[in-house]
$ cat my_file08.txt   # compact mmCIF, C-alpha atoms
# COMPACT_ATOMS: atom_id res chain seq x y z
CA MET A 55 0.00 0.00 0.00
CA PRO A 56 1.43 3.45 -0.92
CA ARG A 57 2.69 5.57 1.95
CA GLY A 58 0.45 8.39 3.05
CA LEU A 59 -2.79 6.63 2.08
CA SER A 60 -5.26 5.01 4.42
CA ARG A 61 -6.74 1.65 3.46
CA GLU A 62 -10.02 3.33 2.45
CA GLU A 63 -8.20 5.91 0.31
CA TRP A 64 -6.18 3.14 -1.36
CA LEU A 65 -9.29 1.12 -2.20
CA HIS A 66 -10.95 4.25 -3.55
CA ALA A 67 -7.93 4.97 -5.78
CA LEU A 68 -7.66 1.42 -7.16
CA PRO A 69 -10.13 1.73 -10.10
CA ARG A 70 -8.30 4.74 -11.52
CA ALA A 71 -4.89 3.13 -10.96
CA LEU A 72 -6.00 -0.04 -12.75
CA VAL A 73 -7.12 1.93 -15.80
CA ALA A 74 -3.74 3.65 -15.97
CA GLY A 75 -1.93 0.33 -15.49
CA PHE A 76 -3.81 -1.39 -18.32
CA VAL A 77 -3.14 1.47 -20.75
CA LYS A 78 0.54 1.64 -19.74
CA THR A 79 0.90 -2.12 -20.33
CA ASP A 80 -0.64 -1.74 -23.77
CA LYS A 81 1.86 1.00 -24.59
CA GLU A 82 4.70 -1.34 -23.59
CA PHE A 83 3.35 -3.96 -26.02
CA GLN A 84 3.46 -1.31 -28.73
CA SER A 85 6.99 -0.18 -27.90
CA LYS A 86 8.21 -3.76 -28.40
CA GLY A 87 6.43 -4.07 -31.74
CA GLN A 88 4.41 -7.09 -30.61
CA THR A 89 1.34 -7.58 -32.78
CA SER A 90 -0.19 -10.34 -30.68
CA GLY A 91 -2.51 -9.49 -27.81
CA THR A 92 -4.31 -10.86 -24.80
CA THR A 93 -7.44 -10.59 -22.73
CA ALA A 94 -6.87 -9.80 -19.06
CA THR A 95 -8.83 -10.25 -15.85
CA PHE A 96 -7.03 -8.76 -12.86
CA VAL A 97 -8.36 -9.38 -9.34
CA ILE A 98 -7.28 -7.65 -6.12
CA ILE A 99 -8.59 -9.04 -2.82
CA ASP A 100 -8.24 -6.90 0.29
CA GLY A 101 -10.08 -8.41 3.22
CA TRP A 102 -13.72 -8.65 2.14
CA THR A 103 -13.29 -6.11 -0.68
CA ILE A 104 -12.80 -7.42 -4.22
CA THR A 105 -11.70 -5.21 -7.11
CA VAL A 106 -11.75 -6.65 -10.64
CA ALA A 107 -10.49 -5.04 -13.87
CA SER A 108 -10.97 -6.77 -17.21
CA VAL A 109 -10.69 -6.45 -20.97
CA GLY A 110 -11.76 -9.09 -23.48
CA ASP A 111 -13.86 -12.19 -22.83
CA SER A 112 -12.17 -13.90 -19.90
CA ARG A 113 -14.56 -13.69 -16.97
CA CYS A 114 -14.73 -13.51 -13.18
CA ILE A 115 -17.85 -14.58 -11.32
CA LEU A 116 -18.73 -14.44 -7.64
CA ASP A 117 -20.57 -17.33 -6.03
CA ALA A 118 -21.66 -15.75 -2.75
CA GLN A 119 -22.56 -17.80 0.28
CA GLY A 120 -26.21 -18.59 -0.14
CA GLY A 121 -25.89 -19.56 -3.79
CA THR A 122 -26.21 -16.14 -5.48
CA VAL A 123 -24.01 -15.98 -8.61
CA SER A 124 -23.03 -12.57 -10.02
CA LEU A 125 -20.73 -11.33 -12.78
CA LEU A 126 -17.79 -9.12 -11.82
CA THR A 127 -16.73 -8.58 -15.45
CA VAL A 128 -18.31 -7.65 -18.79
CA ASP A 129 -17.65 -9.59 -22.00
CA HIS A 130 -16.17 -7.32 -24.68
CA ARG A 131 -17.27 -9.46 -27.63
CA LEU A 132 -18.49 -7.46 -30.61
CA GLU A 133 -21.18 -10.06 -31.29
CA GLU A 134 -22.80 -9.53 -27.90
CA ASN A 135 -22.05 -5.91 -26.97
CA VAL A 136 -23.98 -3.29 -28.98
CA GLU A 137 -22.40 -0.32 -27.17
CA GLU A 138 -18.92 -1.55 -28.01
CA ARG A 139 -19.82 -2.04 -31.69
CA GLU A 140 -21.05 1.54 -31.84
CA ARG A 141 -17.90 2.83 -30.15
CA VAL A 142 -15.57 0.95 -32.51
CA THR A 143 -17.35 2.17 -35.66
CA ALA A 144 -17.52 5.75 -34.31
CA SER A 145 -13.73 5.61 -33.76
CA GLY A 146 -13.04 4.53 -37.34
CA GLY A 147 -13.14 0.74 -37.19
CA GLU A 148 -15.22 -1.53 -39.38
CA VAL A 149 -17.34 -4.31 -37.90
CA GLY A 150 -18.49 -7.29 -39.95
CA ARG A 151 -18.31 -11.04 -40.40
CA LEU A 152 -15.72 -12.99 -42.35
CA SER A 153 -16.57 -13.09 -46.07
CA VAL A 154 -15.88 -16.28 -47.98
CA VAL A 155 -16.01 -17.27 -51.63
CA GLY A 156 -19.40 -16.42 -53.06
CA GLY A 157 -19.96 -13.47 -50.73
CA ALA A 158 -21.36 -15.47 -47.82
CA GLU A 159 -20.60 -14.16 -44.33
CA ILE A 160 -19.70 -16.60 -41.57
CA GLY A 161 -18.61 -16.61 -37.94
CA PRO A 162 -18.92 -13.96 -35.22
CA LEU A 163 -18.72 -10.22 -35.76
CA ARG A 164 -15.13 -9.03 -36.05
CA CYS A 165 -13.25 -5.74 -36.22
CA TRP A 166 -11.38 -5.00 -39.45
CA PRO A 167 -8.52 -4.79 -40.27
CA GLY A 168 -7.23 -7.74 -38.28
CA GLY A 169 -10.42 -9.72 -37.76
CA LEU A 170 -10.46 -9.58 -33.94
CA CYS A 171 -13.83 -10.50 -32.43
CA LEU A 172 -13.14 -8.43 -29.29
CA SER A 173 -13.50 -4.68 -28.79
CA ARG A 174 -11.00 -4.44 -25.92
CA SER A 175 -7.69 -6.16 -25.29
CA ILE A 176 -4.04 -5.50 -24.44
CA GLY A 177 -1.83 -5.52 -27.52
CA ASP A 178 -3.31 -6.46 -30.93
CA ILE A 179 -1.81 -3.33 -32.46
CA ASP A 180 -2.23 -4.66 -36.01
CA VAL A 181 -6.00 -4.33 -35.60
CA GLY A 182 -6.11 -0.62 -34.75
CA GLU A 183 -6.16 1.49 -31.61
CA PHE A 184 -9.94 1.59 -31.45
CA ILE A 185 -9.47 -1.85 -29.86
CA VAL A 186 -8.72 -0.26 -26.49
CA PRO A 187 -7.06 -1.52 -23.28
CA VAL A 188 -9.33 0.52 -20.98
CA PRO A 189 -10.81 -2.01 -18.54
CA TYR A 190 -14.25 -2.47 -17.09
CA VAL A 191 -13.77 -2.18 -13.31
CA LYS A 192 -16.05 -3.40 -10.55
CA GLN A 193 -15.50 -3.29 -6.81
CA VAL A 194 -17.69 -5.13 -4.28
CA LYS A 195 -17.61 -5.89 -0.57
CA LEU A 196 -18.67 -9.26 0.79
CA SER A 197 -20.31 -9.96 4.11
CA ASN A 198 -18.19 -11.93 6.56
CA ALA A 199 -19.89 -15.07 5.24
CA GLY A 200 -17.44 -14.81 2.32
CA GLY A 201 -17.77 -16.32 -1.13
CA ARG A 202 -16.00 -17.98 -4.05
CA LEU A 203 -14.40 -16.42 -7.13
CA ILE A 204 -14.19 -18.37 -10.38
CA ILE A 205 -11.82 -16.74 -12.89
CA ALA A 206 -11.57 -18.42 -16.28
CA SER A 207 -10.74 -17.88 -19.93
CA ASP A 208 -13.30 -17.83 -22.72
CA GLY A 209 -13.15 -21.55 -23.53
CA ILE A 210 -14.81 -22.25 -20.18
CA TRP A 211 -17.60 -19.73 -20.73
CA ASP A 212 -18.24 -20.92 -24.28
CA ALA A 213 -19.17 -24.25 -22.72
CA LEU A 214 -20.71 -23.28 -19.37
CA SER A 215 -22.98 -20.56 -18.06
CA SER A 216 -21.89 -18.72 -14.94
CA GLU A 217 -24.49 -20.59 -12.90
CA ALA A 218 -23.43 -23.98 -14.30
CA ALA A 219 -19.76 -23.33 -13.53
CA ALA A 220 -20.55 -22.33 -9.95
CA LYS A 221 -22.92 -25.23 -9.37
CA CYS A 222 -20.64 -27.98 -10.72
CA CYS A 223 -17.88 -27.30 -8.17
CA ARG A 224 -19.75 -26.41 -5.00
CA GLY A 225 -18.61 -28.31 -1.95
CA LEU A 226 -15.11 -28.91 -3.35
CA PRO A 227 -11.90 -27.22 -2.12
CA ALA A 228 -10.60 -24.49 -4.43
CA GLU A 229 -7.93 -26.50 -6.27
CA LEU A 230 -10.24 -29.42 -6.99
CA ALA A 231 -13.03 -27.00 -7.87
CA ALA A 232 -10.93 -25.42 -10.63
CA LYS A 233 -10.17 -28.85 -12.08
CA GLN A 234 -13.85 -29.77 -11.92
CA VAL A 235 -14.88 -26.64 -13.85
CA VAL A 236 -12.37 -27.44 -16.61
CA LYS A 237 -13.50 -31.08 -16.65
CA GLU A 238 -17.15 -30.05 -16.98
CA ALA A 239 -16.34 -27.60 -19.80
CA LEU A 240 -14.42 -30.29 -21.70
CA ARG A 241 -17.25 -32.76 -21.20
CA THR A 242 -19.77 -30.25 -22.54
CA ARG A 243 -17.80 -28.76 -25.43
CA GLY A 244 -15.05 -31.28 -26.12
CA LEU A 245 -12.39 -28.63 -26.87
CA LYS A 246 -9.31 -27.80 -24.76
CA ASP A 247 -8.62 -24.39 -26.33
CA ASP A 248 -8.54 -21.54 -23.79
CA THR A 249 -9.76 -23.60 -20.84
CA THR A 250 -7.85 -22.07 -17.93
CA CYS A 251 -9.56 -21.72 -14.55
CA ILE A 252 -8.63 -20.37 -11.11
CA VAL A 253 -10.87 -20.69 -8.05
CA VAL A 254 -10.36 -18.55 -4.94
CA ASP A 255 -12.32 -18.99 -1.72
CA ILE A 256 -12.65 -15.85 0.42
CA ILE A 257 -13.36 -16.93 3.99
CA ARG A 258 -12.36 -16.24 7.56
CA PRO A 259 -9.20 -18.11 8.66
CA ASP A 260 -11.22 -20.18 11.15
CA GLN A 261 -13.94 -21.07 8.65
CA THR A 262 -14.38 -23.60 5.85
CA ILE A 263 -16.47 -22.54 2.88
CA ARG A 264 -19.93 -24.00 2.67
CA HIS A 265 -22.07 -23.92 -0.42
CA PRO A 266 -25.70 -24.99 -0.54
CA SER A 267 -26.18 -28.63 -1.46
CA PRO A 268 -29.14 -30.01 -3.41
CA PRO A 269 -32.24 -30.54 -1.24
CA LYS A 270 -32.59 -34.03 0.15
CA LYS A 271 -35.51 -36.17 -0.98
CA ILE A 272 -37.97 -37.10 1.77
CA ASN A 273 -41.04 -39.25 1.60
CA LYS A 274 -44.59 -37.92 1.81
CA LEU A 275 -45.11 -39.12 5.38
CA LYS A 276 -42.08 -37.17 6.65
CA SER A 277 -43.21 -34.18 4.63
CA LEU A 278 -46.56 -34.17 6.43
CA ILE A 279 -44.90 -34.59 9.83
CA PHE A 280 -42.41 -31.77 9.40
CA ARG A 281 -44.47 -29.37 7.26
CA LYS A 282 -45.90 -27.48 10.25
CA LYS A 283 -42.47 -27.08 11.80
CA ALA A 284 -41.13 -25.57 8.57
CA LYS A 285 -44.02 -23.12 8.43
CA ASP A 286 -43.46 -21.93 11.95
CA HIS A 287 -40.30 -19.89 11.15
CA PRO A 288 -40.48 -18.58 7.54
CA ASN A 289 -39.37 -15.05 8.40
CA LYS A 290 -36.39 -16.26 10.41
CA LEU A 291 -35.21 -18.48 7.55
CA THR A 292 -35.61 -15.67 4.97
CA LYS A 293 -33.59 -13.27 7.11
CA GLN A 294 -30.81 -15.82 7.54
CA LEU A 295 -30.55 -16.49 3.80
CA SER A 296 -30.56 -12.80 2.85
CA ALA A 297 -27.83 -12.04 5.38
CA VAL A 298 -25.64 -14.87 4.12
CA GLY A 299 -25.71 -13.76 0.48
CA MET A 300 -25.22 -10.02 1.05
CA VAL A 301 -22.86 -8.28 -1.41
CA GLU A 302 -22.35 -4.50 -1.40
CA GLU A 303 -21.43 -2.85 -4.69
CA LEU A 304 -18.86 -0.09 -4.15
CA PHE A 305 -17.86 0.89 -7.70
CA GLU A 306 -18.65 0.03 -11.32
CA GLU A 307 -17.49 1.77 -14.51
CA GLY A 308 -16.97 0.58 -18.07
CA SER A 309 -16.50 3.71 -20.20
CA ALA A 310 -13.69 3.58 -22.77
CA MET A 311 -13.04 7.35 -22.43
CA LEU A 312 -9.93 8.15 -20.40
CA SER A 313 -11.26 11.58 -19.45
CA GLU A 314 -14.14 9.82 -17.65
CA ARG A 315 -12.00 7.07 -16.10
CA LEU A 316 -9.07 9.05 -14.77
CA GLY A 317 -11.25 11.52 -12.89
CA ASN A 318 -10.66 15.15 -11.97
CA ASP A 319 -7.66 16.59 -10.21
CA SER A 320 -7.69 20.38 -10.31
CA SER A 321 -4.50 20.59 -8.27
CA GLY A 322 -2.61 18.18 -10.53
CA ARG A 323 -0.66 15.20 -9.23
CA ARG A 324 2.62 16.33 -7.75
CA THR A 325 5.64 14.38 -6.62
CA SER A 326 7.90 15.39 -3.76
CA SER A 327 9.95 17.44 -6.26
CA SER A 328 6.81 19.50 -7.12
CA LEU A 329 6.63 18.22 -10.68
CA PHE A 330 3.46 17.11 -12.41
CA THR A 331 3.17 13.38 -13.12
CA CYS A 332 1.64 11.71 -16.18
CA ALA A 333 -1.48 9.89 -14.98
CA ILE A 334 -0.65 6.86 -17.17
CA CYS A 335 3.08 6.29 -17.49
CA GLN A 336 4.01 8.12 -14.24
CA VAL A 337 6.86 10.15 -15.77
CA ASP A 338 7.52 13.52 -14.14
CA LEU A 339 6.51 16.59 -16.13
CA GLU A 340 7.15 20.29 -15.89
CA PRO A 341 3.85 22.19 -15.46
CA SER A 342 4.19 23.55 -19.00
CA GLU A 343 4.56 20.02 -20.45
CA GLY A 344 1.47 18.33 -19.06
CA ILE A 345 -1.63 18.11 -21.26
CA SER A 346 -4.96 17.78 -19.47
CA VAL A 347 -6.83 14.55 -20.11
CA HIS A 348 -9.95 16.73 -20.47
CA ALA A 349 -8.57 18.95 -23.24
CA GLY A 350 -9.78 18.26 -26.78
CA SER A 351 -7.48 17.91 -29.79
CA ILE A 352 -8.46 21.47 -30.67
CA PHE A 353 -8.93 23.64 -27.61
CA SER A 354 -12.35 25.25 -27.31
CA SER A 355 -13.99 27.57 -24.82
CA SER A 356 -15.57 24.55 -23.10
CA SER A 357 -12.32 22.70 -22.46
CA LYS A 358 -10.37 23.12 -19.21
CA PRO A 359 -6.70 22.49 -20.04
CA TRP A 360 -5.61 23.64 -16.59
CA GLU A 361 -7.43 20.81 -14.82
CA GLY A 362 -5.70 17.51 -14.13
CA PRO A 363 -4.97 14.74 -14.31
CA PHE A 364 -2.28 15.42 -16.90
CA LEU A 365 -0.72 13.31 -19.63
CA CYS A 366 2.65 13.43 -21.33
CA SER A 367 2.57 14.06 -25.09
CA ASP A 368 3.09 10.37 -25.85
CA CYS A 369 0.16 9.27 -23.68
CA ARG A 370 -1.94 12.10 -25.10
CA ASP A 371 -1.29 10.76 -28.61
CA LYS A 372 -2.33 7.32 -27.37
CA LYS A 373 -5.58 8.72 -25.96
CA ASP A 374 -6.42 10.56 -29.20
CA ALA A 375 -5.72 7.46 -31.31
CA MET A 376 -7.99 5.31 -29.11
CA GLU A 377 -10.79 7.83 -29.51
CA GLY A 378 -10.34 8.08 -33.29
CA LYS A 379 -9.21 11.73 -33.17
CA ARG A 380 -6.02 10.99 -35.10
CA PRO A 381 -4.46 7.98 -36.87
CA SER A 382 -2.44 5.61 -34.79
CA GLY A 383 1.28 6.29 -34.91
CA VAL A 384 2.06 2.59 -34.72
CA LYS A 385 3.32 0.96 -37.89
CA VAL A 386 3.35 -2.79 -38.26
CA LEU A 387 5.90 -4.17 -40.71
$ encode --input "my_file08.txt" --output "structure tokens"
Amino acid sequence: MPRGLSREEWLHALPRALVAGFVKTDKEFQSKGQTSGTTATFVIIDGWTITVASVGDSRCILDAQGGTVSLLTVDHRLEENVEERERVTASGGEVGRLSVVGGAEIGPLRCWPGGLCLSRSIGDIDVGEFIVPVPYVKQVKLSNAGGRLIIASDGIWDALSSEAAAKCCRGLPAELAAKQVVKEALRTRGLKDDTTCIVVDIIRPDQTIRHPSPPKKINKLKSLIFRKKAKDHPNKLTKQLSAVGMVEELFEEGSAMLSERLGNDSSGRRTSSSLFTCAICQVDLEPSEGISVHAGSIFSSSSKPWEGPFLCSDCRDKKDAMEGKRPSGVKVL
């Protein structure tokens, strides 16, 4: 944890820091001339607070105690995400299916040039910079009943729904649970491509995780005998179940615009040497060098170039290219 920050301040700053980290990593891919790319799902667990940042179609789900399954990521597949298709085309990309001999179109929607079926990733510079590395970020806080995270690549989710993945491994320890999810995906789909899975149980040190098991079958006579007893305490049972599965949402944002994701900082970010710092690559800048993330390519009366956070010229070029304001400076040989 950075010095000078409380735990609450650090957790509050994480979403912005993760956005900067993803974009910086993408720039490093570019600097090395690597044309390949990757999806990414990054999870930080601090006590009962979970922060997840993701690009692409790998996924993280939460199976809370009580059996409630929720998504902590968003799939950035062009086929399934209308908002992302609109953003890509507005930034200069073309979206369509693969054309074969005779003019027929097959397969999922892809971005051209390059033919990538995702709208966000790290790398993939041969496709175009409208395929952005800006992650969807979600932060939640569990009750002290805890829960289970299942983090897996797209091959798992092509075969299993979130609910099916959670259900097939309940009652198993984390390591065996991950193997069971992969086994179930292979049984369903029959393909081993992109079938990586990690399971993490978030529990108190003195507790073992318990997931609901299927209801036991009882005969009609027992049902008649115990029916009255079950009816006597419906409110108590409902309260217990709702308390067990409680999850508090702290933060959620998925915009691809850096000006919206990096926030406002009217005082600028200063280091101990009183220099401004680029919000993405963290290089020190003289006050006259920093370019506000809120400033347009052409300054207008509505822009506020004096408000931070600030970017170096290289990161500013990256931002403009991602938003389709200028051609990408990256050349692929």
$ closest_residue --input "my_file08.txt" --among "A:Glu217, A:Glu377, A:Glu238, A:Asp255" --to "Thr122 (chain A)" --atoms "all atoms listed in the file"
A:Glu217
$ atom_distance --input "my_file08.txt" --atom1 "CA of Gln234 (chain A)" --atom2 "CA of Leu214 (chain A)"
12.0 Å
$ closest_residue --input "my_file08.txt" --among "A:Ser112, A:Thr92, A:Pro162, A:Phe184" --to "Lys379 (chain A)" --atoms "only C-alpha atoms"
A:Phe184
$ closest_residue --input "my_file08.txt" --among "A:Arg258, A:Gly110, A:Asn318, A:Asp248" --to "Gly177 (chain A)" --atoms "all atoms listed in the file"
A:Gly110
$ closest_residue --input "my_file08.txt" --among "A:Ile179, A:Ile257, A:Leu72, A:Cys366" --to "Lys86 (chain A)" --atoms "all atoms listed in the file"
A:Ile179
$ residues_around --input "my_file08.txt" --residues "Glu229 (chain A)" --least-positions-apart "5" --cutoff "9 Å" --atoms "only C-alpha atoms" --output "MDAnalysis selection string"
chainID A and resid 234 252:254
$ closest_residue --input "my_file08.txt" --among "A:Leu312, A:Met300, A:Leu339, A:Ala158" --to "Lys372 (chain A)" --atoms "all atoms listed in the file"
A:Leu312
$ atom_distance --input "my_file08.txt" --atom1 "CA of Glu159 (chain A)" --atom2 "CA of Pro187 (chain A)"
28.0 Å
$ closest_residue --input "my_file08.txt" --among "A:Leu365, A:Ala213, A:Ala228, A:Ile204" --to "Asp117 (chain A)" --atoms "only C-alpha atoms"
A:Ile204
$ residues_around --input "my_file08.txt" --residues "Cys223 (chain A)" --least-positions-apart "5" --cutoff "9 Å" --atoms "all atoms listed in the file" --output "PyMOL selection string"
chain A and resi 218+228+230-235
